[in-house]
Each structure stands twice: as C-alpha cells, then as structure tokens.
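Pasting model_28.cif here (mmCIF, C-alpha atoms):
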data_entry
loop_
_atom_site.label_atom_id
_atom_site.label_comp_id
_atom_site.auth_asym_id
_atom_site.auth_seq_id
_atom_site.Cartn_x
_atom_site.Cartn_y
_atom_site.Cartn_z
CA MET A 1 0.00 0.00 0.00
CA ASN A 2 1.24 3.49 -0.87
CA GLU A 3 2.39 5.19 2.32
CA LEU A 4 0.61 8.40 1.26
CA PHE A 5 -2.72 6.67 1.92
CA PHE A 6 -1.94 5.54 5.48
CA PRO A 7 -2.90 8.82 7.20
CA ILE A 8 -6.22 8.95 5.32
CA LEU A 9 -6.95 5.29 6.10
CA ASP A 10 -5.88 5.64 9.75
CA GLU A 11 -8.22 8.60 10.18
CA ALA A 12 -11.03 6.50 8.70
CA GLY A 13 -10.52 3.81 11.35
CA TRP A 14 -8.59 1.30 9.27
CA TYR A 15 -5.76 -0.64 10.87
CA GLU A 16 -3.45 -3.36 9.63
CA ASN A 17 -4.97 -6.87 9.71
CA ARG A 18 -8.48 -5.45 10.19
CA SER A 19 -11.06 -8.18 9.64
CA MET A 20 -14.79 -7.65 9.96
CA ASP A 21 -17.56 -10.20 9.60
CA ILE A 22 -18.98 -9.86 6.06
CA GLU A 23 -21.63 -12.59 6.12
CA TYR A 24 -24.43 -10.00 6.05
CA GLU A 25 -22.90 -8.34 2.97
CA LEU A 26 -22.52 -11.70 1.23
CA GLU A 27 -26.14 -12.57 2.01
CA SER A 28 -27.25 -9.21 0.57
CA LEU A 29 -25.42 -9.98 -2.69
CA ARG A 30 -26.95 -13.47 -2.84
CA ARG A 31 -30.44 -12.12 -2.16
CA GLU A 32 -30.10 -9.63 -5.05
CA GLY A 33 -28.76 -12.31 -7.43
CA PHE A 34 -25.16 -11.13 -7.75
CA THR A 35 -22.24 -13.49 -8.33
CA GLU A 36 -20.57 -14.73 -5.14
CA PRO A 37 -17.40 -12.68 -4.52
CA ASN A 38 -14.12 -14.56 -4.72
CA GLU A 39 -11.62 -14.68 -1.84
CA ALA A 40 -9.78 -11.54 -3.01
CA ILE A 41 -12.97 -9.47 -2.91
CA LYS A 42 -13.98 -10.99 0.43
CA SER A 43 -10.56 -10.03 1.85
CA LEU A 44 -11.00 -6.48 0.55
CA LEU A 45 -14.42 -6.18 2.20
CA LYS A 46 -13.17 -7.67 5.47
CA GLU A 47 -10.27 -5.23 5.65
CA PHE A 48 -11.85 -2.03 4.30
CA GLY A 49 -15.60 -2.58 4.64
CA ASN A 50 -17.83 -0.09 6.43
CA ILE A 51 -15.26 2.63 6.92
CA ARG A 52 -15.69 6.11 5.48
CA ILE A 53 -12.48 7.27 3.81
CA ALA A 54 -12.70 11.06 3.65
CA PHE A 55 -10.17 13.07 1.64
CA LYS A 56 -9.51 16.35 -0.13
CA LEU A 57 -9.28 16.31 -3.92
CA PRO A 58 -6.55 18.26 -5.76
CA SER A 59 -9.28 20.75 -6.73
CA GLY A 60 -9.80 21.44 -3.01
CA ALA A 61 -13.21 19.78 -2.81
CA VAL A 62 -13.85 17.21 -0.08
CA SER A 63 -15.02 13.71 -1.01
CA ASP A 64 -15.33 10.20 0.43
CA ILE A 65 -15.28 6.47 -0.31
CA ILE A 66 -17.38 3.93 1.60
CA LEU A 67 -17.02 0.22 0.90
CA ASN A 68 -20.47 -0.96 1.96
CA VAL A 69 -22.29 -3.56 -0.12
CA GLU A 70 -25.76 -2.81 1.27
CA LEU A 71 -25.39 0.91 0.56
CA ALA A 72 -24.14 0.19 -2.98
CA ILE A 73 -27.03 -2.18 -3.71
CA GLY A 74 -29.48 0.46 -2.48
CA PHE A 75 -28.28 2.95 -5.11
CA TYR A 76 -27.52 0.45 -7.88
CA ASP A 77 -29.81 -0.11 -10.86
CA THR A 78 -29.64 -3.90 -10.88
CA ASP A 79 -31.62 -4.00 -14.14
CA ALA A 80 -28.74 -2.18 -15.86
CA ASN A 81 -26.16 -4.65 -14.51
CA ARG A 82 -26.19 -6.75 -17.70
CA ILE A 83 -25.42 -3.65 -19.77
CA TYR A 84 -22.50 -2.67 -17.53
CA GLU A 85 -21.16 -6.23 -17.55
CA ARG A 86 -21.40 -6.35 -21.33
CA TRP A 87 -19.44 -3.09 -21.61
CA ALA A 88 -16.81 -4.26 -19.11
CA GLN A 89 -16.83 -7.82 -20.48
CA GLU A 90 -16.65 -9.22 -16.96
CA VAL A 91 -18.84 -9.92 -13.93
CA LEU A 92 -19.34 -6.83 -11.75
CA ILE A 93 -20.23 -6.73 -8.05
CA PRO A 94 -21.39 -3.55 -6.25
CA VAL A 95 -19.17 -2.96 -3.21
CA GLY A 96 -19.52 0.69 -2.24
CA VAL A 97 -20.23 4.33 -2.96
CA LEU A 98 -18.15 7.44 -3.36
CA HIS A 99 -18.40 11.21 -3.67
CA PHE A 100 -21.12 11.39 -0.99
CA GLU A 101 -23.16 8.58 -2.49
CA THR A 102 -23.31 10.08 -6.00
CA SER A 103 -21.26 7.27 -7.56
CA ILE A 104 -21.28 3.49 -7.17
CA ILE A 105 -18.14 1.36 -6.82
CA LEU A 106 -18.08 -1.99 -8.62
CA VAL A 107 -15.36 -4.60 -8.60
CA SER A 108 -14.83 -7.52 -10.96
CA LEU A 109 -13.67 -11.00 -10.04
CA ASN A 110 -10.31 -9.94 -11.55
CA LEU A 111 -10.17 -7.03 -9.06
CA ASN A 112 -10.73 -4.37 -11.69
CA PHE A 113 -12.42 -1.38 -10.08
CA TYR A 114 -15.21 0.50 -11.83
CA MET A 115 -17.52 3.34 -10.93
CA ILE A 116 -20.89 4.42 -12.19
CA VAL A 117 -21.64 8.12 -12.34
CA GLU A 118 -24.98 9.23 -13.81
CA ARG A 119 -25.46 5.83 -15.52
CA GLN A 120 -21.99 6.04 -17.12
CA LEU A 121 -19.50 3.23 -16.45
CA TYR A 122 -15.81 4.03 -15.92
CA LEU A 123 -12.86 1.68 -15.50
CA VAL A 124 -10.91 3.23 -12.63
CA ALA A 125 -8.03 0.84 -11.84
CA ASN A 126 -6.95 -2.80 -11.59
CA SER A 127 -6.27 -2.80 -7.83
CA PHE A 128 -7.65 -1.19 -4.68
CA GLU A 129 -4.49 0.88 -4.28
CA GLY A 130 -4.82 2.02 -7.90
CA PHE A 131 -8.47 2.82 -7.25
CA LEU A 132 -7.56 5.00 -4.24
CA ASP A 133 -4.87 6.75 -6.28
CA ALA A 134 -7.18 7.39 -9.25
CA ILE A 135 -10.04 8.72 -7.12
CA ILE A 136 -8.05 10.74 -4.56
CA CYS A 137 -5.66 12.22 -7.15
CA GLU A 138 -8.37 12.62 -9.84
CA ARG A 139 -6.58 10.55 -12.47
CA GLN A 140 -8.07 9.98 -15.90
CA MET A 141 -10.38 6.97 -16.25
CA TYR A 142 -11.68 4.99 -19.19
CA LYS A 143 -15.34 5.72 -20.01
CA PHE A 144 -17.50 2.97 -21.59
CA GLY A 145 -20.49 3.36 -23.85
CA HIS A 146 -21.87 6.59 -25.19
#
Is it possible to give me this structure as structure tokens?
Amino acid sequence: MNELFFPILDEAGWYENRSMDIEYELESLRREGFTEPNEAIKSLLKEFGNIRIAFKLPSGAVSDIILNVELAIGFYDTDANRIYERWAQEVLIPVGVLHFETSIILVSLNLNFYMIVERQLYLVANSFEGFLDAIICERQMYKFGH
C-alpha cells in the first residue's frame, strides 16, 4: 500500500490486519442475485468494509469512499447490470459508494475497479491501491459506452 494513503486510512478507522464479519454483505449480494465474490474481494471487504475514507481532492473539494455492499445495492440499478457487464466484459459486483453517495463502486472477479456516475461506467483501476490513487488524485479513467 502506498504510504501516502496511510494517514487517510488511519483517520477512517482502518488498521493493519483489520477483519470484519462480512456474512451480512454476502447474504445481501446473494439475495439480489449477484455473483458470489471470490476470496480476493472478500478479503477487501473484510479489511476495508464499512469505513468512510474522507479526503480532499486536488481541486480542493472534499469527497469520500465507503465500501459498503448494502449501501451500494441500495443505489444500484440492478436491471442495468447486464449492460455494464457487457461493456466491461466481466462480472461486476457492487461494493460501495463514493463522492457522498453520488457514484457506485463496482469490482470484478479480476479485481478491476469500476464506478458508475450518472449511468456512465468508468474503468478506474486494476487494484484497490490504484483505485484509491485514481479517485483521490483525480486521475483519468476509461469511459464505456456513449
């Protein structure tokens, strides 16, 4: 993990070897018909789930990231999931929200991170660290569709 993220993560309540019970999150995904997360995604949710990572963008605006499956499902248009998966050409699982619940975070079984903003799908990064870097530092992302 990039050392620049440690202060932000520490302030959010993260600590090394954090492990929360994610059975409720897994049951929520099953109930909504999503693919069962693999061990890598389960590890991500155990370590970073249910913490609010607040940060300042280079533009000076304040934003946040929350890895919370239930919150993501609540905002996610599950009917559009097939369209997003077709664009991405891989299975996508909603795992969180960002920018004060205006965007949805999705992750693939290959640990590619995506976000949906106003029904537009973006490929953000191919790792959680890359995702943090792209979001916090406002890096360019690949936009699908339209």
Given the PyMOL selection byres ((chain A and resi 93) around 8), the residues it picks as a PyMOL selection string: chain A and resi 34-35+37+91-92+94-95+106-108
Take the residues just selected and output them with C-alpha atoms as a JSON list (two decimals), in the frame of the given file.
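Done, and the output landed in part15.json:
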[["chain", "number", "residue", "atom", "x", "y", "z"],
["A", 34, "PHE", "CA", -25.16, -11.13, -7.75],
["A", 35, "THR", "CA", -22.24, -13.49, -8.33],
["A", 37, "PRO", "CA", -17.40, -12.68, -4.52],
["A", 91, "VAL", "CA", -18.84, -9.92, -13.93],
["A", 92, "LEU", "CA", -19.34, -6.83, -11.75],
["A", 94, "PRO", "CA", -21.39, -3.55, -6.25],
["A", 95, "VAL", "CA", -19.17, -2.96, -3.21],
["A", 106, "LEU", "CA", -18.08, -1.99, -8.62],
["A", 107, "VAL", "CA", -15.36, -4.60, -8.60],
["A", 108, "SER", "CA", -14.83, -7.52, -10.96]]
Residues within 12 Å of Trp87 of chain A, all atoms listed in the file, excluding chain neighbours under 6 positions, as JSON, numbers by chain: {"A": [80, 81, 114, 120, 121, 122, 123, 142, 143, 144, 145, 146]}
Six-sided padding of 5 Å per side, axis-aligned box over segment 4-19 of chain A, centre and edges in Å, one decimal, as JSON:
{"center_x": -5.2, "center_y": 0.4, "center_z": 6.3, "size_x": 21.7, "size_y": 27.1, "size_z": 20.1}
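Run against this file, the PyMOL selection byres ((chain A and resi 126) around 7) gives back Leu111, Asn112, Phe113, Ala125, Ser127 and Gly130 of chain A.
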Between atom CA of Ile136 of chain A and atom CA of Ser59 of chain A - distance in Å to one decimal: 10.3 Å
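Among A:Ile22, A:Ile83, A:Leu132, A:Ala88, the residue with the shortest atom-to-atom distance to Ile8 of chain A, counting all atoms listed in the file, is A:Leu132.
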Hey, what's within 9 Å of Ser63 of chain A if we count all atoms listed in the file and toss same-chain stuff fewer than 4 positions away? As an MDAnalysis selection string, please? chainID A and resid 53:57 98:100 136
Using all atoms listed in the file, determine which residues lie at most 12 Å from Glu39 of chain A, disregarding the query and same-chain residues fewer than 4 positions distant; provide the list as an MDAnalysis selection string. chainID A and resid 22 26 43:46 109:111
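Here, the PyMOL selection byres ((chain A and resi 104) around 10) matches A:Ile65, A:Ile66, A:Leu67, A:Leu71, A:Ala72, A:Ile73, A:Gly74, A:Phe75, A:Tyr76, A:Asp77, A:Pro94, A:Val95, A:Gly96, A:Val97, A:Leu98, A:His99, A:Glu101, A:Thr102, A:Ser103, A:Ile105, A:Leu106, A:Tyr114, A:Met115, A:Ile116, A:Val117, A:Glu118, A:Arg119, A:Leu121.
Across the model, the gap from atom CA of Asp21 of chain A to atom CA of Gly33 of chain A is 20.5 Å.
Between atom CA of Val69 of chain A and atom CA of Arg139 of chain A the interatomic distance comes to 24.5 Å.
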